[in-house]
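Q: So that we are looking at the same thing, I have put the structure below in structure tokens.
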Amino acid sequence: MARAGVPTLDAGTTVIDIIGQRPQGLIGSADTASQGTVLKEQLDLRPAYRVGELLETVPGLIVTQHSGEGKANQYFLRGFNLDHGTDIAISLDGMPVNMRTHAHGQGYADLNFFIPELASGLQYGKGTYTAADGDFATAGTVRIGYLDHLDHDLASVSAGTLGDQRVFAAASRAVAGGTLLAAADYTHVDGPWTIPDNFHKVNGVLRYSQGTVANGWALTAMGMSDHFHATNQIPERAVEEGLIGLYDAIDPTDGGSSSRWSVSGRYADTDGDRQIKASAYVIGYDMTLFNDFDYSIDFPSPINDQFEQKDHRHIYGGEVSYTRYSNLFGLAGQNTVGFQTRVDDINLILAPTTQRVERFLVRADDVLEASGGLYLENRTRWTDWARTVTGLRWDVFHGDDSSSDALNSGATSKGLLSPKMSLVLGPWAETEVYASVGRGFHSNDVRGAVTKVDALGTILSGALQAQNKVPLMTPATGYEVGFRTGIVPHLQATLSLFVLDLDSELTFSGDAGQTSAGRPSRRQGVEISTFYTPASWLIIDADLAVSRARFTSADMGEADVIDGHPGDFIPGASKVNASVGVTITDLGALGAWASGLEAGLQFRYFGPRPLLEDGSVWSPATGLVNARLGYKLTDAIKMQVDVFNLLDRRAHQIDYYYPSQLPGEAGPVNDIHFHPVEPRSARFTVSAAF
């Protein structure tokens, strides 16, 4: 049941009406047990300290940060430490957010250009079971949509206790048979840090559209620019010994800047027999980061291990699909053929720096990376209680690197065939059962696929250091069974059991400029998600995800012996993620004075993670509570206060375990390095809808 202002979503999903009615859910249209939809209303009602945290509306997904606000978030899902986006495919308004062969990390997904007020909702899926999902879609996929028009012009002003200010405005008008929408925001955040983040961000969107998402077209321009200081993770020993405070930094000059602009278009033509869809985009992107994670190991005079990463690129891509609705031999179904392509033209630089001043060049790379993906999908309803979704996908990747060191230049290509299938049985008593299997993949950094020499190691040692190549694509195979039920009045519940096998845990180390080859791995677990609306004014949602992540091959011998931590635990893989939310809206039954009242309470649990392969060091769990209280003074004016870390927990956003060397230390020391959770803070907002 679609709500006003929310576009119709693609086949395979439906919309949940969460306000005042029993949720219709996804029964009858979902392809898997872990597929879902989050409505605009749900996003609007959730208190979020940073914009990326709105993705935590996806059950089991944790979004955190280990650096300044201008840096991409860290993501955790299904037993994965997804770093900045290695195994979760994120798109906004039809454009990919993940960056291939990125200066800082493969799959880097920075959502700072997302304006939440424009979101029409999001669709999510987990696993490798959908033919239209390509690169990075192994642990999960998140698609965020934007509105074509606004019911009212919007404006808001926010101010917070941690130097948090934001101004936002948006309007849409009928123009020449279509709708012109314009929006802009400005954000500033200092945070609790001794050296303030001084994060400044400017965002803008301009869209012209005609028709609907199913029958119409749109042309959109976006632009974002930011700059920031960064207080990165800090060593636990430095805090315990009183060398620094909880919100201090070891290197006071870390930080960076980024910008992103894009022009994109979409077209759709749908009738009773077929649907044609097409989209295209051009993206420009620049990023500069200065980070110092280990301080004085490589260049000990006295804090000299800072490094600079630069990424400048243009991305060109698009997608076209044709769907035919059929009724063959009395069997209802549809067949889709689609093609996706993307080209990244990238310039990358890695250099050691001191207080942001470059010392020398480690490597510079001009990379051209291109891909094409052809997919076929068939949906057939065999009986009233059985339907299937089968798909086949063929992807081809090509990468060409012209490096500052000729030994690290080269080209490589790879193709991968990915079959996928889901069986859906039911509904019986408002319950469906799902079984899914499929192959997916993530791409790897082109530099790691052609590099022969460890650039930084060679410079530090003065002798040529060889480096093993890694494949351009890493396959993953997933299996999932589960069910979705609405048998209990006002309650929708889903349960899924999953297994995901990854051929290799490959990671690119941006500071060293090299790719590390890991072992094959397996994730398995269970996820439970519930959504309860016992009254028109009350929503309760609760999610629980329990995962077991392990390497599946023997230790890699010499590498692990040198590291000193053999074992099969996967560092950073959380065992338990959970959340509980309570939302109250429109208490008009208590009297006219209460009709404009809304409130929300959100608890998020980020479970313990092993930090070493042998399981000898673990991170502590983090449980946080955020709250919101809002009141509509009139139909047009609303006041709202959000309180973050309501219980003022002293906890960690994220933890790592690695060696670092502080000034005065004789050598590197293995230690936990963590980024603290911000203390209790409040944000006050006044908004208007004209």
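Chain labels A, B, ... are given in the sequence in which chains occur in the structure tokens; within each chain residues are numbered consecutively from 1, and ligands are likewise numbered from 1 in the order shown.
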Please, which residues of stretch 354-459 of chain A, numbered as in this document, come out strand (DSSP E or B) from DSSP, as a ChimeraX atom specification?
A: /A:354,357-358,363-383,386-403,410-428,431-443,453
Q: Could you pull out all residues of stretch 102-277 of chain A with a DSSP call of alpha helix (DSSP H) and give them as JSON, numbers by chain?
A: {"A": [236, 237, 238, 239, 240]}
Q: Suppose you want the space between atom CA of A:Tyr295 and atom CA of A:Pro663; what is it in Å?
A: 7.9 Å
Q: Just want the 6 Å neighbourhood of A:Val526, counted on only C-alpha atoms, with same-chain residues fewer than 6 positions away dropped. Output as a list in words.
A: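 Listing them by chain and then by number gives Ser496, Leu497, Ala545 and Val546 of chain A.
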Q: Store the residues of this selection in a file with N, CA and C atoms, as an mmCIF file, in the first residue's frame.
A:
```
data_model
loop_
_atom_site.group_PDB
_atom_site.id
_atom_site.type_symbol
_atom_site.label_atom_id
_atom_site.label_comp_id
_atom_site.auth_asym_id
_atom_site.auth_seq_id
_atom_site.Cartn_x
_atom_site.Cartn_y
_atom_site.Cartn_z
ATOM 1 N N SER A 496 15.394 -15.446 9.547
ATOM 2 C CA SER A 496 16.216 -15.992 8.467
ATOM 3 C C SER A 496 17.465 -16.635 9.040
ATOM 4 N N LEU A 497 17.851 -17.757 8.439
ATOM 5 C CA LEU A 497 19.096 -18.456 8.740
ATOM 6 C C LEU A 497 19.967 -18.364 7.494
ATOM 7 N N ALA A 545 20.409 -9.952 15.492
ATOM 8 C CA ALA A 545 21.241 -10.663 14.518
ATOM 9 C C ALA A 545 22.403 -11.306 15.261
ATOM 10 N N VAL A 546 22.527 -12.627 15.130
ATOM 11 C CA VAL A 546 23.607 -13.380 15.766
ATOM 12 C C VAL A 546 24.408 -14.066 14.664
#
```
Q: List the neighbours of A:Ala230 out to 7 Å using only C-alpha atoms; skip same-chain residues closer than 3 positions along the sequence, and give me the result as a list in words.
A: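 Surrounding residues, per the criterion: Ser67, Gly68, Asp197, Asp254 and Gly255 of chain A.
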